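Structure data follow from data-v3.csv (CSV, C-alpha atoms):
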chain,number,residue,atom,x,y,z
A,1,MET,CA,-111.6,145.3,100.6
A,2,LYS,CA,-112.9,143.1,103.4
A,3,GLY,CA,-113.7,139.4,103.1
A,4,LYS,CA,-112.3,136.6,101.0
A,5,SER,CA,-111.1,137.0,97.5
A,6,PRO,CA,-113.6,135.4,94.9
A,7,TYR,CA,-110.6,133.7,93.3
A,8,ILE,CA,-109.7,131.7,96.5
A,9,GLY,CA,-112.7,129.3,96.1
A,10,VAL,CA,-111.8,128.7,92.5
A,11,PHE,CA,-108.2,128.0,93.4
A,12,ILE,CA,-109.2,125.5,96.1
A,13,ALA,CA,-111.6,123.7,93.8
A,14,VAL,CA,-109.0,123.4,91.0
A,15,SER,CA,-106.4,122.2,93.5
A,16,LEU,CA,-108.8,119.5,94.8
A,17,LEU,CA,-109.6,118.3,91.3
A,18,LEU,CA,-105.9,118.1,90.5
A,19,ALA,CA,-105.2,116.2,93.7
A,20,VAL,CA,-108.0,113.7,93.0
A,21,ALA,CA,-106.9,113.3,89.4
A,22,ALA,CA,-103.3,112.6,90.6
A,23,SER,CA,-104.7,109.9,92.9
A,24,GLY,CA,-106.5,108.2,90.0
A,25,CYS,CA,-109.9,108.6,91.6
A,26,ILE,CA,-111.7,110.5,88.9
A,27,SER,CA,-114.1,108.1,87.1
A,28,THR,CA,-113.8,108.0,83.3
A,29,GLY,CA,-117.3,106.8,83.1
A,30,THR,CA,-116.3,103.3,81.9
A,31,LYS,CA,-115.3,100.3,84.1
A,32,GLU,CA,-113.5,97.2,82.9
A,33,LYS,CA,-115.5,94.1,83.2
A,34,VAL,CA,-113.2,91.5,84.8
A,35,LEU,CA,-113.7,87.8,85.3
A,36,VAL,CA,-111.7,86.5,88.2
A,37,VAL,CA,-110.7,82.9,87.7
A,38,GLY,CA,-109.4,80.5,90.3
A,39,THR,CA,-107.1,77.6,89.2
A,40,SER,CA,-104.3,75.4,90.4
A,41,ALA,CA,-101.4,75.7,88.0
A,42,ASP,CA,-99.8,72.3,88.4
A,43,PHE,CA,-102.0,70.4,86.0
A,44,PRO,CA,-100.5,70.3,82.5
A,45,PRO,CA,-101.7,70.6,79.9
A,46,PHE,CA,-104.8,72.1,81.4
A,47,GLU,CA,-103.1,74.7,83.6
A,48,TYR,CA,-99.4,75.3,84.3
A,49,LYS,CA,-96.8,78.0,84.6
A,50,ASN,CA,-94.8,78.8,81.5
A,51,ALA,CA,-91.2,78.0,82.1
A,52,SER,CA,-89.9,81.0,80.3
A,53,ASN,CA,-92.0,83.8,81.8
A,54,GLY,CA,-93.9,82.3,84.8
A,55,GLN,CA,-97.3,83.1,83.3
A,56,ILE,CA,-100.2,80.8,83.9
A,57,THR,CA,-101.2,79.1,80.7
A,58,GLY,CA,-102.8,75.9,79.4
A,59,PHE,CA,-105.9,74.5,77.8
A,60,ASP,CA,-108.3,75.6,80.6
A,61,ILE,CA,-106.8,79.1,80.7
A,62,SER,CA,-107.2,79.6,76.9
A,63,LEU,CA,-110.7,78.1,77.1
A,64,ILE,CA,-111.9,80.4,79.9
A,65,LYS,CA,-110.4,83.4,78.0
A,66,LEU,CA,-112.4,82.5,74.9
A,67,ILE,CA,-115.6,82.0,77.1
A,68,ALA,CA,-115.0,85.4,78.8
A,69,LYS,CA,-114.6,87.2,75.4
A,70,LYS,CA,-117.8,85.7,74.1
A,71,MET,CA,-119.6,86.8,77.3
A,72,GLY,CA,-118.4,90.4,76.9
A,73,TYR,CA,-115.6,90.5,79.5
A,74,ASP,CA,-112.7,92.9,79.0
A,75,LYS,CA,-110.2,91.0,81.0
A,76,VAL,CA,-109.6,87.7,82.8
A,77,GLU,CA,-107.6,87.7,86.0
A,78,VAL,CA,-106.2,84.3,87.0
A,79,LYS,CA,-105.5,83.4,90.6
A,80,ASP,CA,-103.3,80.4,91.4
A,81,MET,CA,-103.9,78.4,94.6
A,82,ASP,CA,-103.8,74.9,96.0
A,83,PHE,CA,-106.6,72.7,94.6
A,84,ASP,CA,-108.4,72.2,97.8
A,85,SER,CA,-108.6,76.0,98.3
A,86,LEU,CA,-110.5,76.6,95.1
A,87,ILE,CA,-114.1,75.8,96.2
A,88,PRO,CA,-113.8,77.8,99.4
A,89,ALA,CA,-112.4,80.7,97.3
A,90,LEU,CA,-115.5,80.5,95.1
A,91,GLN,CA,-117.9,80.3,98.0
A,92,THR,CA,-116.4,83.4,99.7
A,93,GLY,CA,-116.3,85.5,96.5
A,94,LYS,CA,-112.6,85.6,96.1
A,95,VAL,CA,-113.0,84.3,92.5
A,96,ASP,CA,-116.0,84.3,90.1
A,97,VAL,CA,-115.3,80.9,88.5
A,98,VAL,CA,-113.0,77.9,89.0
A,99,ILE,CA,-111.5,76.0,86.0
A,100,ALA,CA,-108.9,73.5,87.1
A,101,GLY,CA,-109.5,70.2,85.5
A,102,MET,CA,-112.2,69.8,88.2
A,103,THR,CA,-114.3,66.7,88.1
A,104,ILE,CA,-118.0,67.1,88.5
A,105,THR,CA,-119.0,65.0,91.5
A,106,GLN,CA,-122.2,64.7,93.6
A,107,GLU,CA,-120.4,66.0,96.7
A,108,ARG,CA,-119.1,69.1,94.9
A,109,GLU,CA,-122.5,69.7,93.3
A,110,LYS,CA,-123.9,70.2,96.8
A,111,VAL,CA,-121.7,73.3,97.3
A,112,VAL,CA,-121.1,74.7,93.8
A,113,ASP,CA,-122.8,74.7,90.4
A,114,PHE,CA,-121.0,73.2,87.4
A,115,SER,CA,-121.1,74.0,83.7
A,116,ILE,CA,-121.8,71.3,81.1
A,117,PRO,CA,-118.9,68.8,80.9
A,118,TYR,CA,-116.1,69.8,78.6
A,119,TRP,CA,-113.5,66.9,79.1
A,120,GLU,CA,-113.5,63.3,80.1
A,121,ALA,CA,-110.7,61.6,82.0
A,122,ASP,CA,-109.7,58.5,84.1
A,123,GLN,CA,-107.2,58.0,86.9
A,124,ALA,CA,-103.7,56.7,86.1
A,125,VAL,CA,-101.0,55.1,88.3
A,126,LEU,CA,-97.5,56.5,87.9
A,127,VAL,CA,-94.3,54.8,89.1
A,128,ARG,CA,-90.6,55.5,88.6
A,129,LYS,CA,-89.1,54.2,85.5
A,130,GLY,CA,-87.1,51.1,86.3
A,131,SER,CA,-88.9,50.5,89.6
A,132,GLY,CA,-90.1,47.1,88.6
A,133,ILE,CA,-93.5,47.8,90.0
A,134,LYS,CA,-96.3,46.2,87.9
A,135,VAL,CA,-100.0,46.9,88.4
A,136,SER,CA,-102.7,45.0,86.7
A,137,SER,CA,-105.5,45.9,89.2
A,138,VAL,CA,-106.1,48.3,92.0
A,139,ASP,CA,-105.4,45.4,94.5
A,140,ASP,CA,-101.7,45.4,93.4
A,141,LEU,CA,-101.3,48.8,95.1
A,142,LYS,CA,-102.1,47.3,98.5
A,143,GLY,CA,-99.2,47.7,100.9
A,144,LYS,CA,-97.7,50.4,98.8
A,145,LYS,CA,-97.0,54.1,99.7
A,146,ILE,CA,-99.2,56.1,97.4
A,147,GLY,CA,-99.0,59.8,96.7
A,148,VAL,CA,-102.0,61.9,95.8
A,149,GLU,CA,-102.9,65.6,95.5
A,150,LYS,CA,-105.1,66.7,98.4
A,151,GLY,CA,-108.8,67.2,97.6
A,152,THR,CA,-108.7,65.5,94.2
A,153,THR,CA,-110.8,62.6,92.9
A,154,GLY,CA,-107.7,60.5,92.8
A,155,ALA,CA,-107.2,61.1,96.5
A,156,ILE,CA,-110.9,60.2,97.2
A,157,TYR,CA,-110.6,57.0,95.1
A,158,VAL,CA,-107.4,55.8,96.8
A,159,LYS,CA,-108.8,56.5,100.3
A,160,LYS,CA,-112.0,54.7,99.5
A,161,HIS,CA,-110.4,51.6,97.9
A,162,LEU,CA,-107.0,51.4,99.6
A,163,GLY,CA,-107.3,53.4,102.8
A,164,ASN,CA,-107.1,50.4,105.1
A,165,SER,CA,-104.3,48.6,103.2
A,166,SER,CA,-101.9,51.2,102.0
A,167,THR,CA,-100.0,54.3,103.2
A,168,ILE,CA,-101.5,57.4,101.6
A,169,LYS,CA,-99.5,60.6,101.5
A,170,GLU,CA,-101.3,63.8,100.4
A,171,TYR,CA,-99.5,66.7,98.7
A,172,PRO,CA,-100.6,70.2,97.9
A,173,THR,CA,-99.9,69.7,94.1
A,174,TYR,CA,-99.4,66.9,91.6
A,175,VAL,CA,-95.9,68.3,91.0
A,176,ALA,CA,-95.0,67.8,94.7
A,177,ALA,CA,-96.5,64.3,94.6
A,178,THR,CA,-94.4,63.4,91.5
A,179,GLU,CA,-91.3,64.9,93.1
A,180,ALA,CA,-91.9,62.6,96.1
A,181,LEU,CA,-92.2,59.7,93.7
A,182,LEU,CA,-88.9,60.5,92.0
A,183,ASN,CA,-87.2,60.9,95.4
A,184,GLY,CA,-88.4,57.5,96.6
A,185,GLN,CA,-90.8,58.8,99.3
A,186,VAL,CA,-93.7,57.0,97.7
A,187,ASP,CA,-94.0,54.0,95.4
A,188,ALA,CA,-96.7,55.3,93.1
A,189,VAL,CA,-98.8,58.4,92.4
A,190,VAL,CA,-102.5,58.3,91.4
A,191,LEU,CA,-103.6,61.3,89.3
A,192,ASP,CA,-105.8,62.2,86.3
A,193,SER,CA,-104.8,60.4,83.1
A,194,PRO,CA,-104.2,63.5,80.8
A,195,VAL,CA,-101.7,64.9,83.3
A,196,ALA,CA,-100.1,61.6,83.9
A,197,LYS,CA,-99.4,61.4,80.2
A,198,MET,CA,-97.7,64.8,80.2
A,199,PHE,CA,-95.6,63.9,83.3
A,200,SER,CA,-94.5,60.7,81.7
A,201,LYS,CA,-92.9,62.8,78.9
A,202,LYS,CA,-91.4,65.3,81.3
A,203,TYR,CA,-90.1,63.1,84.2
A,204,SER,CA,-88.5,59.7,84.6
A,205,VAL,CA,-91.9,58.1,85.4
A,206,GLU,CA,-94.3,55.8,83.5
A,207,ILE,CA,-98.0,54.9,83.5
A,208,VAL,CA,-98.4,51.3,84.6
A,209,TYR,CA,-102.2,51.2,85.0
A,210,THR,CA,-105.3,53.2,84.2
A,211,ILE,CA,-108.3,53.1,86.6
A,212,LYS,CA,-111.4,53.6,84.4
A,213,THR,CA,-113.4,56.2,86.3
A,214,GLY,CA,-115.1,58.1,83.4
A,215,GLU,CA,-114.8,61.5,85.1
A,216,HIS,CA,-116.0,64.7,83.5
A,217,TYR,CA,-114.5,68.1,84.0
A,218,GLY,CA,-116.7,71.2,84.5
A,219,ILE,CA,-116.3,74.9,85.2
A,220,ALA,CA,-117.6,75.8,88.7
A,221,VAL,CA,-119.5,78.9,89.8
A,222,LYS,CA,-120.9,79.9,93.2
A,223,LYS,CA,-124.1,78.0,94.1
A,224,GLY,CA,-127.1,79.8,92.7
A,225,ASN,CA,-125.3,82.1,90.3
A,226,LYS,CA,-127.6,81.1,87.4
A,227,LYS,CA,-126.9,84.2,85.2
A,228,LEU,CA,-123.1,83.5,85.2
A,229,LEU,CA,-123.6,79.8,84.7
A,230,ASP,CA,-126.0,80.3,81.7
A,231,GLY,CA,-123.5,82.6,80.1
A,232,ILE,CA,-120.7,80.2,80.5
A,233,ASN,CA,-122.8,77.3,79.2
A,234,ASN,CA,-123.9,79.2,76.1
A,235,ALA,CA,-120.4,80.3,75.3
A,236,LEU,CA,-118.9,76.8,76.0
A,237,LYS,CA,-121.5,75.2,73.7
A,238,ALA,CA,-120.6,77.6,70.9
A,239,ILE,CA,-116.9,77.0,71.3
A,240,MET,CA,-117.2,73.2,71.4
A,241,ASN,CA,-119.1,73.2,68.2
A,242,SER,CA,-116.7,75.5,66.3
A,243,PRO,CA,-113.2,75.2,64.8
A,244,GLU,CA,-111.9,77.1,67.9
A,245,TRP,CA,-112.3,73.9,69.9
A,246,ASN,CA,-110.3,71.8,67.5
A,247,LYS,CA,-107.5,74.4,67.5
A,248,LEU,CA,-107.4,74.4,71.3
A,249,VAL,CA,-107.2,70.6,71.5
A,250,GLU,CA,-104.5,70.5,68.8
A,251,GLU,CA,-102.4,73.2,70.5
A,252,TYR,CA,-102.3,71.5,74.0
A,253,PHE,CA,-102.8,67.8,73.2
A,254,GLY,CA,-101.3,67.6,69.7
A,255,SER,CA,-104.3,65.9,68.1
Have the structure of the file written as structure tokens, please.
Amino acid sequence: MKGKSPYIGVFIAVSLLLAVAASGCISTGTKEKVLVVGTSADFPPFEYKNASNGQITGFDISLIKLIAKKMGYDKVEVKDMDFDSLIPALQTGKVDVVIAGMTITQEREKVVDFSIPYWEADQAVLVRKGSGIKVSSVDDLKGKKIGVEKGTTGAIYVKKHLGNSSTIKEYPTYVAATEALLNGQVDAVVLDSPVAKMFSKKYSVEIVYTIKTGEHYGIAVKKGNKKLLDGINNALKAIMNSPEWNKLVEEYFGS
């Protein structure tokens, strides 16, 4: 019999299907809905790495997972990066949202959209225990070496009020700034008050002054992404007016 066997085509088709299946390229008809979240995991108790397993955890992470669940997402993927890289990552689409104890400011609102506020904080001055440094006003920091995390409101405040009279050293994380303080490379560190309280329990440092700035934290999304922002706000309102919020606060802040 001349020509190709009628079974050859079937054999080829089956082989191709098996090969595609092995490569994982056959669609199951369903796709996971994933929310990609940017954070900077050096900001306890809001976001930090678990000492036992290295997983990123914290108040913000638990909060965004609750929000995502209420919005119908199947999974939350958390990406850790330096704080000053978060907004660029949001603008370029590397992440969908940013939650990182980020203060809502007019400058940031020019380039991203923020959710309703979910936390209020001030700035605190940390020094080494036993250093003898006393601070009763911002002016007492003049002439000192001050550590800050790059891109934070603490860094902005210090540059504005002490830039001409003090040496300001910027670090990629608050942990790095605090380590510099412990090593004597700086005299003080200015950082958000909730984190300063956590660090004072963990390291040999103490809060000697609180700068009343009345900042509010918000969740950031790409400018103009109204659909995502509305979903976050609706979920956030529901959580903040439920027992879930109290449980979160008690878990990470103890009261």
May I ask which of the residues A:Leu86, A:Leu229, A:Val148, A:Met102 is the closest one to Tyr217 in chain A, counting all atoms listed in the file?
->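 Of A:Leu86, A:Leu229, A:Val148, A:Met102, the one nearest Tyr217 in chain A, counting all atoms listed in the file, is A:Met102.
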Interatomic distance between CA of Lys110 in chain A and CA of Gly154 in chain A?
-> 19.3 Å
Could you please determine the separation between CA of Gly224 in chain A and CA of Val95 in chain A in Å, to one decimal place?
->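 Going from CA of Gly224 in chain A over to CA of Val95 in chain A, I get 14.8 Å.
The two atoms in question, CA of Lys150 in chain A and CA of Val189 in chain A, are spaced 12.0 Å apart.
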Long-range neighbours of Lys33 in chain A as a list in words, 9 Å cut-off, all atoms listed in the file, 5 positions minimum in chain | Gly72, Tyr73, Asp74, Lys75 and Val76 of chain A
Which polymer residues have any atom within 8 Å of an atom of Glu149 in chain A, counting all atoms listed in the file, with same-chain residues fewer than 4 positions away left out, as a list in words?
-> Gly154, Ala155, Glu170, Tyr171, Pro172, Thr173, Tyr174, Ala177 and Leu191 of chain A
Ile219 in chain A environment, 9 Å, only C-alpha atoms, sequence neighbours closer than 5 positions dropped, as JSON, numbers by chain = {"A": [64, 97, 98, 99, 100, 101, 102, 103, 104, 113, 114, 115, 116, 117, 118, 229, 232]}
Which residue gives the smallest distance to Gly184 in chain A among A:Gly93, A:Gly147, A:Lys142, A:Ile67, with all atoms listed in the file counted?
-> A:Gly147
Could you tell me which of A:Gly54, A:Lys70, A:Val249, A:Arg108 comes closest to Gly151 in chain A if we count all atoms listed in the file?
->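 Among the listed residues, the smallest separation from Gly151 in chain A belongs to A:Arg108.
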